[in-house]
$ cat structure_18.pdb   # PDB, C-alpha atoms and all ligand atoms
ATOM      1  CA  MET A   4      11.704  10.249 -19.394
ATOM      2  CA  ARG A   5      13.981   8.203 -17.178
ATOM      3  CA  GLY A   6      14.204   4.517 -16.423
ATOM      4  CA  PRO A   7      13.348   3.263 -12.932
ATOM      5  CA  GLN A   8      16.111   3.821 -10.392
ATOM      6  CA  LEU A   9      17.253   1.392  -7.733
ATOM      7  CA  VAL A  10      16.718   2.488  -4.147
ATOM      8  CA  SER A  11      17.833   0.605  -1.059
ATOM      9  CA  SER A  12      15.326  -0.095   1.727
ATOM     10  CA  LYS A  13      16.544   0.432   5.263
ATOM     11  CA  PHE A  14      13.485  -1.467   6.553
ATOM     12  CA  ILE A  15      14.381  -4.607   4.583
ATOM     13  CA  ARG A  16      18.028  -4.405   5.616
ATOM     14  CA  GLN A  17      17.024  -4.071   9.281
ATOM     15  CA  GLU A  18      14.582  -6.973   9.027
ATOM     16  CA  ALA A  19      17.303  -9.110   7.463
ATOM     17  CA  SER A  20      19.759  -8.420  10.264
ATOM     18  CA  ARG A  21      17.033  -8.916  12.880
ATOM     19  CA  SER A  22      16.184 -12.233  11.318
ATOM     20  CA  ALA A  23      19.848 -13.231  11.516
ATOM     21  CA  ALA A  24      19.819 -12.393  15.248
ATOM     22  CA  ASP A  25      16.342 -13.718  16.133
ATOM     23  CA  GLY A  26      15.140 -15.988  13.351
ATOM     24  CA  GLU A  27      12.024 -17.092  15.245
ATOM     25  CA  HIS A  28      10.270 -13.716  15.499
ATOM     26  CA  ALA A  29      11.105 -12.726  11.921
ATOM     27  CA  ARG A  30       9.841 -16.088  10.679
ATOM     28  CA  ILE A  31       6.494 -15.689  12.464
ATOM     29  CA  ILE A  32       5.827 -12.332  10.759
ATOM     30  CA  MET A  33       7.008 -13.637   7.405
ATOM     31  CA  ASP A  34       4.834 -16.760   7.690
ATOM     32  CA  ARG A  35       1.797 -14.686   8.620
ATOM     33  CA  PHE A  36       2.162 -12.489   5.544
ATOM     34  CA  SER A  37       2.968 -15.452   3.307
ATOM     35  CA  ILE A  38      -0.363 -17.020   4.271
ATOM     36  CA  LEU A  39      -2.209 -13.754   3.652
ATOM     37  CA  ARG A  40      -0.383 -13.340   0.321
ATOM     38  CA  THR A  41      -1.345 -16.803  -0.866
ATOM     39  CA  ARG A  42      -5.010 -16.393   0.018
ATOM     40  CA  ILE A  43      -5.186 -12.954  -1.549
ATOM     41  CA  LEU A  44      -3.391 -13.965  -4.743
ATOM     42  CA  ARG A  45      -5.682 -16.935  -5.224
ATOM     43  CA  GLU A  46      -8.832 -14.935  -4.724
ATOM     44  CA  MET A  47      -7.648 -12.020  -6.877
ATOM     45  CA  ARG A  48      -6.744 -14.374  -9.705
ATOM     46  CA  ASN A  49     -10.088 -16.149  -9.416
ATOM     47  CA  HIS A  50     -11.861 -12.821  -9.900
ATOM     48  CA  GLY A  51      -9.431 -11.335 -12.420
ATOM     49  CA  TRP A  52      -8.512  -8.538  -9.988
ATOM     50  CA  ARG A  53      -5.068  -6.902 -10.019
ATOM     51  CA  ARG A  54      -5.437  -3.796  -7.847
ATOM     52  CA  LEU A  55      -5.805  -4.115  -4.119
ATOM     53  CA  ALA A  56      -6.352  -1.144  -1.805
ATOM     54  CA  VAL A  57      -5.154  -1.685   1.769
ATOM     55  CA  VAL A  58      -7.393   0.496   3.924
ATOM     56  CA  PRO A  59      -6.976   1.119   7.657
ATOM     57  CA  LEU A  60     -10.276   1.739   9.431
ATOM     58  CA  THR A  61      -8.653   4.341  11.646
ATOM     59  CA  LYS A  62      -5.315   6.122  11.609
ATOM     60  CA  GLY A  63      -2.606   3.987  13.154
ATOM     61  CA  ALA A  64      -4.507   0.689  12.737
ATOM     62  CA  GLY A  65      -1.621  -0.561  10.611
ATOM     63  CA  GLY A  66      -2.685  -0.081   6.992
ATOM     64  CA  THR A  67       0.785   0.956   5.903
ATOM     65  CA  PHE A  68       2.387  -1.854   7.928
ATOM     66  CA  VAL A  69       0.163  -4.418   6.197
ATOM     67  CA  ALA A  70       0.546  -2.835   2.739
ATOM     68  CA  ILE A  71       4.357  -2.939   2.989
ATOM     69  CA  ASN A  72       4.611  -6.460   4.390
ATOM     70  CA  LEU A  73       2.034  -7.803   1.945
ATOM     71  CA  ALA A  74       3.807  -6.165  -1.015
ATOM     72  CA  LEU A  75       7.101  -7.689   0.173
ATOM     73  CA  ALA A  76       5.533 -11.122   0.604
ATOM     74  CA  LEU A  77       4.038 -10.920  -2.894
ATOM     75  CA  SER A  78       7.331  -9.779  -4.394
ATOM     76  CA  ARG A  79       9.143 -12.764  -2.855
ATOM     77  CA  GLN A  80       7.361 -14.887  -5.441
ATOM     78  CA  LYS A  81       9.608 -14.826  -8.471
ATOM     79  CA  GLN A  82       6.783 -14.669 -11.001
ATOM     80  CA  THR A  83       4.892 -11.832  -9.290
ATOM     81  CA  GLU A  84       5.750  -8.264 -10.264
ATOM     82  CA  VAL A  85       4.376  -5.917  -7.617
ATOM     83  CA  ILE A  86       3.963  -2.179  -7.515
ATOM     84  CA  LEU A  87       3.315  -0.536  -4.151
ATOM     85  CA  MET A  88       1.759   2.924  -4.340
ATOM     86  CA  ASP A  89       1.308   5.351  -1.502
ATOM     87  CA  LEU A  90      -1.910   7.169  -2.393
ATOM     88  CA  ASP A  91      -2.357   8.491   1.153
ATOM     89  CA  PHE A  92      -1.364  11.787  -0.446
ATOM     90  CA  GLY A  93      -2.281  13.933   2.541
ATOM     91  CA  ASP A  94      -0.110  11.954   4.953
ATOM     92  CA  PRO A  95       2.179   9.587   3.038
ATOM     93  CA  SER A  96       4.302   7.302   5.212
ATOM     94  CA  VAL A  97       5.442   4.379   3.045
ATOM     95  CA  SER A  98       8.765   5.977   2.098
ATOM     96  CA  ALA A  99       9.614   6.625   5.764
ATOM     97  CA  GLU A 100       8.425   3.192   6.961
ATOM     98  CA  LEU A 101      10.226   1.358   4.157
ATOM     99  CA  GLY A 102      13.267   3.562   4.663
ATOM    100  CA  VAL A 103      13.629   4.623   1.043
ATOM    101  CA  PRO A 104      13.927   8.097  -0.466
ATOM    102  CA  GLY A 105      10.521   9.479  -1.414
ATOM    103  CA  CYS A 106       9.818  10.506  -4.982
ATOM    104  CA  GLU A 107       9.142  14.072  -6.057
ATOM    105  CA  PRO A 108       5.598  15.421  -5.570
ATOM    106  CA  VAL A 109       2.981  13.811  -7.799
ATOM    107  CA  THR A 110       1.358  17.235  -8.086
ATOM    108  CA  ASP A 111       4.500  18.699  -9.704
ATOM    109  CA  ALA A 112       4.949  15.763 -12.058
ATOM    110  CA  ILE A 113       1.390  16.174 -13.290
ATOM    111  CA  LEU A 114       1.640  19.959 -13.611
ATOM    112  CA  GLN A 115       4.834  19.562 -15.631
ATOM    113  CA  GLY A 116       3.315  16.887 -17.818
ATOM    114  CA  HIS A 117       5.722  14.172 -16.664
ATOM    115  CA  ARG A 118       4.679  10.550 -16.540
ATOM    116  CA  LEU A 119       4.052   8.909 -13.168
ATOM    117  CA  SER A 120       6.350   6.105 -14.355
ATOM    118  CA  ASP A 121       9.182   8.665 -13.997
ATOM    119  CA  LEU A 122       8.480   8.633 -10.237
ATOM    120  CA  VAL A 123       8.659   4.861  -9.895
ATOM    121  CA  ASN A 124      11.694   3.262  -8.263
ATOM    122  CA  ILE A 125      12.751  -0.353  -7.831
ATOM    123  CA  VAL A 126      13.782  -1.681  -4.431
ATOM    124  CA  GLU A 127      17.294  -3.076  -4.524
ATOM    125  CA  GLU A 128      16.621  -5.748  -1.886
ATOM    126  CA  ALA A 129      13.323  -6.783  -3.512
ATOM    127  CA  PRO A 130      13.831  -6.705  -7.278
ATOM    128  CA  ASN A 131      10.213  -7.635  -8.078
ATOM    129  CA  LEU A 132       8.970  -4.648  -6.113
ATOM    130  CA  SER A 133       8.439  -1.252  -7.736
ATOM    131  CA  ILE A 134       7.305   1.672  -5.649
ATOM    132  CA  LEU A 135       5.589   4.991  -6.166
ATOM    133  CA  VAL A 136       6.011   6.654  -2.793
ATOM    134  CA  PRO A 137       5.951  10.438  -2.428
ATOM    135  CA  GLY A 138       8.266  11.790   0.250
ATOM    136  CA  HIS A 139       5.965  14.577   1.429
ATOM    137  CA  ALA A 140       2.276  15.433   1.693
ATOM    138  CA  GLU A 141       0.849  16.755  -1.560
ATOM    139  CA  PRO A 142      -0.409  20.355  -1.171
ATOM    140  CA  ASP A 143      -4.028  19.572  -2.067
ATOM    141  CA  ALA A 144      -4.347  15.845  -1.662
ATOM    142  CA  ALA A 145      -8.135  15.524  -1.995
ATOM    143  CA  GLU A 146      -8.276  17.652  -5.117
ATOM    144  CA  LEU A 147      -5.346  15.798  -6.658
ATOM    145  CA  ILE A 148      -6.756  12.341  -6.131
ATOM    146  CA  GLN A 149     -10.103  13.290  -7.655
ATOM    147  CA  SER A 150      -8.695  15.214 -10.605
ATOM    148  CA  GLU A 151      -9.091  14.168 -14.198
ATOM    149  CA  ASP A 152      -5.352  14.717 -14.757
ATOM    150  CA  PHE A 153      -4.418  12.268 -12.003
ATOM    151  CA  SER A 154      -6.842   9.692 -13.309
ATOM    152  CA  LYS A 155      -5.309  10.002 -16.802
ATOM    153  CA  ALA A 156      -1.803   9.787 -15.354
ATOM    154  CA  MET A 157      -2.762   6.579 -13.505
ATOM    155  CA  THR A 158      -4.155   5.036 -16.683
ATOM    156  CA  ASP A 159      -0.932   5.950 -18.483
ATOM    157  CA  LEU A 160       1.162   4.486 -15.659
ATOM    158  CA  ARG A 161      -0.785   1.237 -15.754
ATOM    159  CA  ASN A 162      -0.345   0.999 -19.532
ATOM    160  CA  HIS A 163       3.391   1.618 -19.327
ATOM    161  CA  TYR A 164       4.051  -0.295 -16.178
ATOM    162  CA  PRO A 165       2.065  -3.473 -16.209
ATOM    163  CA  ALA A 166       2.718  -5.022 -12.784
ATOM    164  CA  SER A 167       0.890  -8.247 -12.064
ATOM    165  CA  ILE A 168      -0.328  -6.895  -8.711
ATOM    166  CA  GLU A 169      -0.833  -3.335  -7.506
ATOM    167  CA  ILE A 170      -0.956  -2.634  -3.772
ATOM    168  CA  ILE A 171      -2.438   0.768  -2.930
ATOM    169  CA  ASP A 172      -1.867   2.271   0.514
ATOM    170  CA  THR A 173      -4.754   4.598   1.357
ATOM    171  CA  ALA A 174      -5.748   7.106   4.019
ATOM    172  CA  PRO A 175      -7.895   5.817   6.931
ATOM    173  CA  LEU A 176     -11.512   5.082   5.986
ATOM    174  CA  ILE A 177     -13.022   6.746   9.042
ATOM    175  CA  GLY A 178     -12.579  10.442   9.713
ATOM    176  CA  GLY A 179     -12.093  11.854   6.218
ATOM    177  CA  ASP A 180     -13.016  11.334   2.581
ATOM    178  CA  MET A 181      -9.546  10.668   1.114
ATOM    179  CA  ALA A 182      -9.857   6.884   1.319
ATOM    180  CA  LEU A 183     -13.288   6.930  -0.313
ATOM    181  CA  ALA A 184     -11.916   9.098  -3.114
ATOM    182  CA  THR A 185      -9.063   6.621  -3.676
ATOM    183  CA  LEU A 186     -11.096   3.406  -3.662
ATOM    184  CA  PRO A 187     -12.505   3.630  -7.206
ATOM    185  CA  LEU A 188      -8.904   3.079  -8.388
ATOM    186  CA  ALA A 189      -8.925  -0.410  -6.853
ATOM    187  CA  ASP A 190     -10.599  -3.674  -7.862
ATOM    188  CA  ALA A 191     -10.959  -4.830  -4.269
ATOM    189  CA  MET A 192      -9.879  -3.881  -0.789
ATOM    190  CA  LEU A 193      -8.392  -5.329   2.344
ATOM    191  CA  LEU A 194      -9.448  -3.588   5.549
ATOM    192  CA  VAL A 195      -7.087  -3.270   8.489
ATOM    193  CA  ALA A 196      -8.526  -2.841  11.970
ATOM    194  CA  ASP A 197      -6.729  -2.172  15.213
ATOM    195  CA  GLY A 198      -7.694  -5.481  16.807
ATOM    196  CA  ARG A 199      -7.234  -4.084  20.306
ATOM    197  CA  GLU A 200     -10.038  -1.542  20.378
ATOM    198  CA  GLY A 201     -13.241  -0.256  18.815
ATOM    199  CA  THR A 202     -13.325  -2.800  16.017
ATOM    200  CA  ALA A 203     -17.019  -3.709  16.206
ATOM    201  CA  ALA A 204     -18.296  -0.123  16.110
ATOM    202  CA  ASP A 205     -15.761   0.791  13.411
ATOM    203  CA  MET A 206     -16.842  -2.146  11.258
ATOM    204  CA  THR A 207     -20.489  -1.081  11.470
ATOM    205  CA  LEU A 208     -19.558   2.405  10.308
ATOM    206  CA  ALA A 209     -17.258   0.990   7.630
ATOM    207  CA  GLN A 210     -20.031  -1.151   6.171
ATOM    208  CA  ARG A 211     -22.150   1.935   5.749
ATOM    209  CA  LEU A 212     -19.331   3.979   4.162
ATOM    210  CA  LEU A 213     -18.356   1.184   1.791
ATOM    211  CA  LYS A 214     -21.718   0.811   0.095
ATOM    212  CA  ASP A 215     -21.148   0.816  -3.711
ATOM    213  CA  MET A 216     -17.383   0.585  -3.283
ATOM    214  CA  PRO A 217     -15.130  -2.249  -4.537
ATOM    215  CA  PRO A 218     -15.563  -5.575  -2.688
ATOM    216  CA  VAL A 219     -13.890  -6.200   0.663
ATOM    217  CA  MET A 220     -11.638  -9.270   0.494
ATOM    218  CA  GLY A 221     -11.148  -9.481   4.207
ATOM    219  CA  VAL A 222     -10.328  -7.703   7.442
ATOM    220  CA  VAL A 223      -6.908  -7.964   9.056
ATOM    221  CA  LEU A 224      -7.178  -7.673  12.830
ATOM    222  CA  ASN A 225      -3.819  -6.068  13.421
ATOM    223  CA  LYS A 226      -1.925  -5.648  16.683
ATOM    224  CA  SER A 227      -4.198  -8.142  18.448
ATOM    225  CA  GLU A 228      -1.830 -11.092  18.797
ATOM    226  CA  ASP A 229       1.411  -9.729  20.212
TER     227      ASP A 229
HETATM  228  N1  LIG B   1       1.492  -5.555  13.620
HETATM  229  C1  LIG B   1       2.362  -4.588  13.935
HETATM  230  N2  LIG B   1       3.476  -4.877  14.626
HETATM  231  C2  LIG B   1       4.346  -3.905  14.958
HETATM  232  N3  LIG B   1       4.195  -2.592  14.655
HETATM  233  C3  LIG B   1       3.106  -2.236  13.972
HETATM  234  C4  LIG B   1       2.136  -3.212  13.569
HETATM  235  N4  LIG B   1       1.158  -2.557  12.899
HETATM  236  C5  LIG B   1       1.499  -1.265  12.872
HETATM  237  N5  LIG B   1       2.663  -1.052  13.529
HETATM  238  C6  LIG B   1       3.305   0.258  13.744
HETATM  239  O1  LIG B   1       2.309   1.173  14.214
HETATM  240  C7  LIG B   1       2.472   2.448  13.620
HETATM  241  C8  LIG B   1       1.195   2.833  12.841
HETATM  242  O2  LIG B   1       1.023   1.888  11.791
HETATM  243  P1  LIG B   1       0.709   2.336  10.297
HETATM  244  O3  LIG B   1       0.824   1.114   9.466
HETATM  245  O4  LIG B   1       1.497   3.520   9.893
HETATM  246  O5  LIG B   1      -0.818   2.760  10.476
HETATM  247  P2  LIG B   1      -1.847   3.362   9.400
HETATM  248  O6  LIG B   1      -1.190   3.308   8.059
HETATM  249  O7  LIG B   1      -3.032   2.458   9.495
HETATM  250  O8  LIG B   1      -2.163   4.754   9.854
HETATM  251  C9  LIG B   1       3.691   2.351  12.722
HETATM  252  O9  LIG B   1       4.807   2.824  13.415
HETATM  253  C10 LIG B   1       3.823   0.863  12.447
HETATM  254  O10 LIG B   1       5.155   0.474  12.170
HETATM  255 MG    MG B   2      -0.872   4.574   6.558
END
$ encode --input "structure_18.pdb" --output "structure tokens" --more "lines below"
Ligand SMILES: Nc1ncnc2c1ncn2[C@@H]1O[C@H](COP(=O)(O)OP(=O)(O)O)[C@@H](O)[C@H]1O
Ligand SMILES: [Mg+2]
Amino acid sequence: MRGPQLVSSKFIRQEASRSAADGEHARIIMDRFSILRTRILREMRNHGWRRLAVVPLTKGAGGTFVAINLALALSRQKQTEVILMDLDFGDPSVSAELGVPGCEPVTDAILQGHRLSDLVNIVEEAPNLSILVPGHAEPDAAELIQSEDFSKAMTDLRNHYPASIEIIDTAPLIGGDMALATLPLADAMLLVADGREGTAADMTLAQRLLKDMPPVMGVVLNKSED
């Protein structure tokens, strides 16, 4: 067993230098996610929820973008320990988007009987943020996510790594069953829609798919304002 290692995020370093060059734009994005963070924290605390799945309706809607920026906004609060997990095992992209090295395959860790906490890293530029972000697609993502061994490993991780808030990046809801298989791990979800197209029809389909799933806290209409 190893302790969490520090990894540096290229994304955060780039944002910091961009904000030095053009403070206005960086501040707008930061403010937007600070507002979302505050609303989400309040509502999660009111309900006693700690695990939030961020679910894009369709691929490319911006689920990963929102999950990363929301996790960063949460971790900027000193008293909030956040863990960001990329459970889009078939197509993980958090490590690339955040610009950090990905961890070893979850599949291997489980086969070898290692703890998932051995795969967790801490982001140097955001000390309240821990991450579990595989660097590559898992060989059989759907089977992995639904397996008893993974479910046990998640329970063990949560016992050994009690973050105050867990942000779970998932596969797109529409067009596959990976997201639906992931959702039982969450207390609630935040949907992310591409605000530029198809949102109404997608939402109708989403409502049908999400019957008996954890409650939807809200829908982020992404990409619609710029
Ligand atoms: N609001 C936004 N502003 C700028 N770029 C965005 C925004 N939302 C998403 N992107 C970019 O669009 C691409 C797809 O977004 P991503 O979050 O990976 O989608 P998803 O996870 O829903 O498939 C990424 O390159 C991401 O950085
Ligand atoms: Mg994604």
$ residues_near_ligand --input "structure_18.pdb" --ligand "ligand LIG 1 (chain B)" --cutoff "9 Å" --atoms "only C-alpha atoms and all ligand atoms" --output "number ranges by chain"
A: 32, 57-71, 91, 94-97, 100, 172-175, 195-197, 224-229
$ resolve_selection --input "structure_18.pdb" --expression "the PyMOL selection byres (((chain A and resi 146-152) around 9) and not hetatm)" --output "compact mmCIF listing (two decimals) with C-alpha atoms, keeping the file's coordinate frame"
# COMPACT_ATOMS: atom_id res chain seq x y z
CA LEU A 90 -1.91 7.17 -2.39
CA PHE A 92 -1.36 11.79 -0.45
CA VAL A 109 2.98 13.81 -7.80
CA THR A 110 1.36 17.24 -8.09
CA ILE A 113 1.39 16.17 -13.29
CA LEU A 114 1.64 19.96 -13.61
CA GLU A 141 0.85 16.76 -1.56
CA PRO A 142 -0.41 20.36 -1.17
CA ASP A 143 -4.03 19.57 -2.07
CA ALA A 144 -4.35 15.84 -1.66
CA ALA A 145 -8.14 15.52 -2.00
CA PHE A 153 -4.42 12.27 -12.00
CA SER A 154 -6.84 9.69 -13.31
CA LYS A 155 -5.31 10.00 -16.80
CA ALA A 156 -1.80 9.79 -15.35
CA MET A 157 -2.76 6.58 -13.50
CA MET A 181 -9.55 10.67 1.11
CA ALA A 184 -11.92 9.10 -3.11
CA THR A 185 -9.06 6.62 -3.68
$ atom_distance --input "structure_18.pdb" --atom1 "atom CA of A:Pro137" --atom2 "atom CA of A:Gly105"
4.8 Å
$ resolve_selection --input "structure_18.pdb" --expression "the PyMOL selection byres (((chain A and resi 35-52) around 8) and not hetatm)" --output "VMD selection string"
chain A and resid 31 to 34 53 to 55 72 to 73 76 to 77 190 to 191 220
$ atom_distance --input "structure_18.pdb" --atom1 "atom CA of A:Ala140" --atom2 "atom CA of A:Pro108"
8.0 Å
$ atom_distance --input "structure_18.pdb" --atom1 "atom CA of A:Ala209" --atom2 "atom CA of A:Gly93"
20.4 Å
$ closest_residue --input "structure_18.pdb" --among "A:Leu160, A:Ala56, A:Leu213, A:Leu101" --to "A:Leu188" --atoms "only C-alpha atoms"
A:Ala56
$ resolve_selection --input "structure_18.pdb" --expression "the PyMOL selection byres (((chain A and resi 169) around 8) and not hetatm)" --output "PyMOL selection string"
chain A and resi 53-55+85-88+166-168+170-171
$ closest_residue --input "structure_18.pdb" --among "A:Ala29, A:Leu208, A:Val219, A:Ala203" --to "A:Leu186" --atoms "only C-alpha atoms"
A:Val219
$ closest_residue --input "structure_18.pdb" --among "A:Ala204, A:Leu132, A:Val223, A:Ala19" --to "A:Gln82" --atoms "only C-alpha atoms"
A:Leu132
$ residues_around --input "structure_18.pdb" --residues "A:Gly221" --least-positions-apart "4" --cutoff "8 Å" --atoms "all atoms listed in the file" --output "list in words"
Met192, Leu193 and Leu194 of chain A
$ decode --input "structure_18.pdb" --residues "stretch 74-111 of chain A" --atoms "C-alpha atoms" --output "PDB file, in the first residue's frame"
ATOM      1  CA  ALA A  74     -14.503  19.702  -8.430  1.00  0.00           C
ATOM      2  CA  LEU A  75     -11.973  22.560  -8.575  1.00  0.00           C
ATOM      3  CA  ALA A  76     -14.532  25.088  -7.355  1.00  0.00           C
ATOM      4  CA  LEU A  77     -15.484  22.790  -4.470  1.00  0.00           C
ATOM      5  CA  SER A  78     -11.850  22.183  -3.562  1.00  0.00           C
ATOM      6  CA  ARG A  79     -11.201  25.940  -3.372  1.00  0.00           C
ATOM      7  CA  GLN A  80     -13.223  25.894  -0.165  1.00  0.00           C
ATOM      8  CA  LYS A  81     -10.726  25.118   2.554  1.00  0.00           C
ATOM      9  CA  GLN A  82     -13.062  22.895   4.555  1.00  0.00           C
ATOM     10  CA  THR A  83     -14.207  20.777   1.595  1.00  0.00           C
ATOM     11  CA  GLU A  84     -12.218  17.655   0.752  1.00  0.00           C
ATOM     12  CA  VAL A  85     -13.125  16.547  -2.763  1.00  0.00           C
ATOM     13  CA  ILE A  86     -12.414  13.395  -4.687  1.00  0.00           C
ATOM     14  CA  LEU A  87     -12.928  13.435  -8.452  1.00  0.00           C
ATOM     15  CA  MET A  88     -13.348  10.010 -10.040  1.00  0.00           C
ATOM     16  CA  ASP A  89     -13.380   9.218 -13.717  1.00  0.00           C
ATOM     17  CA  LEU A  90     -15.784   6.284 -13.972  1.00  0.00           C
ATOM     18  CA  ASP A  91     -16.224   6.738 -17.729  1.00  0.00           C
ATOM     19  CA  PHE A  92     -14.115   3.586 -17.889  1.00  0.00           C
ATOM     20  CA  GLY A  93     -14.690   2.949 -21.582  1.00  0.00           C
ATOM     21  CA  ASP A  94     -13.502   6.406 -22.625  1.00  0.00           C
ATOM     22  CA  PRO A  95     -11.817   8.167 -19.698  1.00  0.00           C
ATOM     23  CA  SER A  96     -10.739  11.747 -20.386  1.00  0.00           C
ATOM     24  CA  VAL A  97     -10.280  13.481 -17.022  1.00  0.00           C
ATOM     25  CA  SER A  98      -6.545  12.771 -16.817  1.00  0.00           C
ATOM     26  CA  ALA A  99      -5.971  14.245 -20.293  1.00  0.00           C
ATOM     27  CA  GLU A 100      -8.260  17.257 -19.725  1.00  0.00           C
ATOM     28  CA  LEU A 101      -6.775  18.004 -16.303  1.00  0.00           C
ATOM     29  CA  GLY A 102      -3.296  17.396 -17.674  1.00  0.00           C
ATOM     30  CA  VAL A 103      -2.218  14.922 -15.014  1.00  0.00           C
ATOM     31  CA  PRO A 104      -0.726  11.447 -15.372  1.00  0.00           C
ATOM     32  CA  GLY A 105      -3.430   8.784 -15.372  1.00  0.00           C
ATOM     33  CA  CYS A 106      -3.378   6.026 -12.791  1.00  0.00           C
ATOM     34  CA  GLU A 107      -2.831   2.372 -13.616  1.00  0.00           C
ATOM     35  CA  PRO A 108      -5.843   0.374 -14.861  1.00  0.00           C
ATOM     36  CA  VAL A 109      -8.544  -0.189 -12.254  1.00  0.00           C
ATOM     37  CA  THR A 110      -9.028  -3.652 -13.743  1.00  0.00           C
ATOM     38  CA  ASP A 111      -5.428  -4.628 -12.896  1.00  0.00           C
TER      39      ASP A 111
END
